[in-house]
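Printed here is my_file12.cif (mmCIF, C-alpha atoms):
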```
data_target
loop_
_atom_site.label_atom_id
_atom_site.label_comp_id
_atom_site.auth_asym_id
_atom_site.auth_seq_id
_atom_site.Cartn_x
_atom_site.Cartn_y
_atom_site.Cartn_z
CA MET X 241 269.80 -21.69 87.07
CA ASN X 242 273.45 -20.90 87.38
CA PRO X 243 274.79 -20.62 90.96
CA ILE X 244 277.31 -18.03 89.74
CA ALA X 245 276.02 -14.49 89.30
CA ILE X 246 276.15 -13.63 85.62
CA PRO X 247 274.65 -10.44 84.20
CA ASP X 248 272.55 -12.33 81.63
CA ASP X 249 270.40 -13.79 84.42
CA PHE X 250 269.61 -10.31 85.68
CA VAL X 251 269.38 -8.15 82.57
CA GLU X 252 269.10 -8.83 78.85
CA LEU X 253 270.05 -6.29 76.21
CA VAL X 254 268.03 -6.42 72.98
CA ARG X 255 269.20 -4.34 70.04
CA GLU X 256 266.73 -1.76 68.75
CA GLY X 257 264.53 -3.27 66.04
CA ARG X 258 264.65 -6.85 67.33
CA SER X 259 261.43 -8.42 68.54
CA LEU X 260 261.01 -8.40 72.32
CA GLN X 261 258.61 -11.33 72.07
CA GLN X 262 261.15 -13.36 70.10
CA SER X 263 263.81 -12.58 72.70
CA MET X 264 261.51 -13.69 75.54
CA ASP X 265 260.53 -16.88 73.68
CA LEU X 266 264.19 -17.72 73.07
CA ARG X 267 264.99 -17.26 76.76
CA ARG X 268 262.09 -19.56 77.69
CA GLU X 269 263.27 -22.25 75.22
CA HIS X 270 266.82 -22.21 76.63
CA SER X 271 265.70 -22.24 80.25
CA LEU X 272 266.02 -25.50 82.15
CA GLY X 273 263.41 -24.45 84.69
CA ALA X 274 261.01 -21.60 85.30
CA VAL X 275 262.06 -18.24 83.90
CA GLN X 276 262.62 -15.82 86.75
CA PRO X 277 261.67 -12.15 86.39
CA TYR X 278 264.43 -10.10 84.73
CA ILE X 279 265.16 -6.69 83.23
CA LEU X 280 264.90 -6.30 79.46
CA ALA X 281 266.80 -3.31 78.06
CA THR X 282 266.35 -2.13 74.49
CA GLY X 283 269.13 -0.26 72.72
CA THR X 284 272.91 -0.58 72.80
CA ALA X 285 275.44 -0.91 75.60
CA LYS X 286 276.17 2.81 75.25
CA LYS X 287 272.58 4.06 75.01
CA ILE X 288 269.57 2.32 76.51
CA GLU X 289 266.36 3.35 74.74
CA SER X 290 263.85 1.66 77.05
CA LEU X 291 263.69 -0.57 80.11
CA SER X 292 261.13 -3.21 80.96
CA VAL X 293 260.71 -5.85 83.62
CA VAL X 294 259.70 -9.24 82.25
CA LEU X 295 257.75 -11.44 84.61
CA GLY X 296 258.19 -15.20 84.46
CA ASP X 297 255.04 -15.67 82.36
CA SER X 298 256.34 -13.27 79.65
CA HIS X 299 254.21 -10.34 80.76
CA ILE X 300 256.08 -7.07 80.40
CA ILE X 301 256.03 -4.09 82.73
CA LYS X 302 257.22 -1.22 80.51
CA LEU X 303 258.94 1.55 82.39
CA PRO X 304 258.69 5.20 81.29
CA ARG X 305 261.30 6.43 78.78
CA GLY X 306 264.30 8.01 80.45
CA CYS X 307 263.77 5.90 83.56
CA LEU X 308 266.95 5.20 85.51
CA PRO X 309 268.22 1.61 85.67
CA LEU X 310 267.89 1.80 89.46
CA ARG X 311 264.11 2.13 89.00
CA ALA X 312 264.14 -1.08 86.94
CA VAL X 313 265.97 -2.88 89.76
CA ASP X 314 263.41 -1.50 92.22
CA VAL X 315 260.50 -2.83 90.13
CA LEU X 316 262.29 -6.17 89.67
CA ILE X 317 262.76 -6.71 93.41
CA LYS X 318 259.16 -5.71 94.11
CA ALA X 319 257.95 -8.08 91.37
CA HIS X 320 259.80 -10.96 93.02
CA TRP X 321 258.09 -10.20 96.33
CA ALA X 322 254.65 -9.58 94.84
CA LEU X 323 254.75 -12.80 92.80
CA SER X 324 256.40 -14.84 95.57
CA SER X 325 258.97 -16.03 93.05
CA HIS X 326 262.43 -17.20 93.99
CA PHE X 327 265.38 -14.95 93.34
CA CYS X 328 267.72 -16.08 90.58
CA LEU X 329 270.24 -18.37 92.31
CA GLY X 330 273.35 -16.44 91.29
CA TRP X 331 271.89 -13.12 92.45
CA LYS X 332 270.06 -14.41 95.53
CA ASN X 333 272.45 -12.95 98.11
CA THR X 334 272.42 -9.56 96.41
CA PHE X 335 268.61 -9.43 96.26
CA ARG X 336 268.27 -10.70 99.83
CA PHE X 337 270.68 -8.05 101.09
CA LEU X 338 268.78 -5.29 99.27
CA SER X 339 265.44 -6.66 100.50
CA THR X 340 266.44 -6.82 104.15
CA HIS X 341 268.65 -3.77 104.51
CA ILE X 342 267.23 -1.29 102.00
CA TYR X 343 263.54 -2.28 101.85
CA LYS X 344 263.47 -3.63 105.45
CA LEU X 345 261.51 -6.72 104.34
CA PRO X 346 261.65 -9.93 106.37
CA LEU X 347 263.67 -12.83 105.01
CA GLU X 348 261.73 -15.69 103.49
CA ASN X 349 263.55 -18.06 105.86
CA GLU X 350 265.49 -16.49 108.74
CA ARG X 351 267.22 -19.75 109.66
CA LEU X 352 269.03 -19.97 106.33
CA SER X 353 270.57 -16.51 106.43
CA THR X 354 273.19 -14.90 108.62
CA PHE X 355 273.01 -11.49 106.92
CA THR X 356 271.12 -9.77 109.72
CA ALA X 357 273.26 -11.26 112.49
CA GLU X 358 276.51 -10.39 110.71
CA TYR X 359 275.29 -6.90 109.89
CA LYS X 360 274.34 -6.26 113.53
CA LYS X 361 277.74 -7.52 114.69
CA LEU X 362 279.52 -5.16 112.31
CA MET X 363 277.36 -2.21 113.33
CA SER X 364 277.90 -2.82 117.05
CA ILE X 365 281.69 -2.86 116.87
CA GLU X 366 283.06 -0.10 119.02
CA VAL X 367 286.32 1.55 118.06
CA ASP X 368 288.71 2.40 120.86
CA LYS X 369 289.82 5.96 120.19
CA SER X 370 292.63 6.02 122.74
#
```

With the file now loaded, output its structure as structure tokens.
Amino acid sequence: MNPIAIPDDFVELVREGRSLQQSMDLRREHSLGAVQPYILATGTAKKIESLSVVLGDSHIIKLPRGCLPLRAVDVLIKAHWALSSHFCLGWKNTFRFLSTHIYKLPLENERLSTFTAEYKKLMSIEVDKS
């Protein structure tokens, strides 16, 4: 896993007509460790035809046509929690922030994160209006 957040770890775009299974197999072959859940988009960069969430074991959760990309992110985050899988290293801080502040889920290890403490500090700052 790459410690730098790159879009390919989070979402993969497969051109219409290419085999989804072949794309998933290729990702598994090139992976140095376990394949983390990710979003698989079919179409082009200008027009996405369909969205799916691929679980680490190559099972696909197909989302309804016309589904917004935000829904795919929602399903991806919930899949990570439901499967107790680790977030992709490069995107870990982003997913942890969304999990704690949007979904109000507890952190997997409070001691290793300062998000909540820093967020509370920022929210408690009082502005002197004089």

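Proximity of X:Lys318, X:Arg311, X:Arg268, X:Arg255 to X:Gly296, computed with all atoms listed in the file, is greatest for X:Arg268.
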
Which residues would end up in the selection if the PyMOL selection byres ((chain X and resi 312) around 10) were applied here, given that I need the answer as a JSON list (two decimals) with C-alpha atoms, in the frame of the given file?
```json
[["chain", "number", "residue", "atom", "x", "y", "z"],
["X", 251, "VAL", "CA", 269.38, -8.15, 82.57],
["X", 278, "TYR", "CA", 264.43, -10.10, 84.73],
["X", 279, "ILE", "CA", 265.16, -6.69, 83.23],
["X", 280, "LEU", "CA", 264.90, -6.30, 79.46],
["X", 281, "ALA", "CA", 266.80, -3.31, 78.06],
["X", 291, "LEU", "CA", 263.69, -0.57, 80.11],
["X", 292, "SER", "CA", 261.13, -3.21, 80.96],
["X", 293, "VAL", "CA", 260.71, -5.85, 83.62],
["X", 301, "ILE", "CA", 256.03, -4.09, 82.73],
["X", 302, "LYS", "CA", 257.22, -1.22, 80.51],
["X", 303, "LEU", "CA", 258.94, 1.55, 82.39],
["X", 307, "CYS", "CA", 263.77, 5.90, 83.56],
["X", 308, "LEU", "CA", 266.95, 5.20, 85.51],
["X", 309, "PRO", "CA", 268.22, 1.61, 85.67],
["X", 310, "LEU", "CA", 267.89, 1.80, 89.46],
["X", 311, "ARG", "CA", 264.11, 2.13, 89.00],
["X", 313, "VAL", "CA", 265.97, -2.88, 89.76],
["X", 314, "ASP", "CA", 263.41, -1.50, 92.22],
["X", 315, "VAL", "CA", 260.50, -2.83, 90.13],
["X", 316, "LEU", "CA", 262.29, -6.17, 89.67],
["X", 317, "ILE", "CA", 262.76, -6.71, 93.41],
["X", 318, "LYS", "CA", 259.16, -5.71, 94.11]]
```

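Within 12 Å of the file-frame point (263.0, -20.6, 83.1), and using only C-alpha atoms, the polymer residues found are Met241, Asn242, Asp249, Met264, Asp265, Leu266, Arg267, Arg268, Glu269, His270, Ser271, Leu272, Gly273, Ala274, Val275, Gln276, Pro277, Tyr278, Val294, Leu295, Gly296, Asp297, Ser298, Ser325, His326, Phe327, Cys328 and Leu329 of chain X.
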
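When atom CA of X:Leu253 is paired with atom CA of X:His341, their separation reads 28.4 Å.
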
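In this structure, atom CA of X:Ala322 sits 22.4 Å away from atom CA of X:Asp248.
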
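Separating atom CA of X:Lys287 from atom CA of X:Leu260 is a distance of 17.2 Å.
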
Which residues are near X:Gly283? Cut-off 9 Å, all atoms listed in the file, ignore same chain within fewer than 3 positions. Put them as number ranges by chain. X: 253-257, 286-290
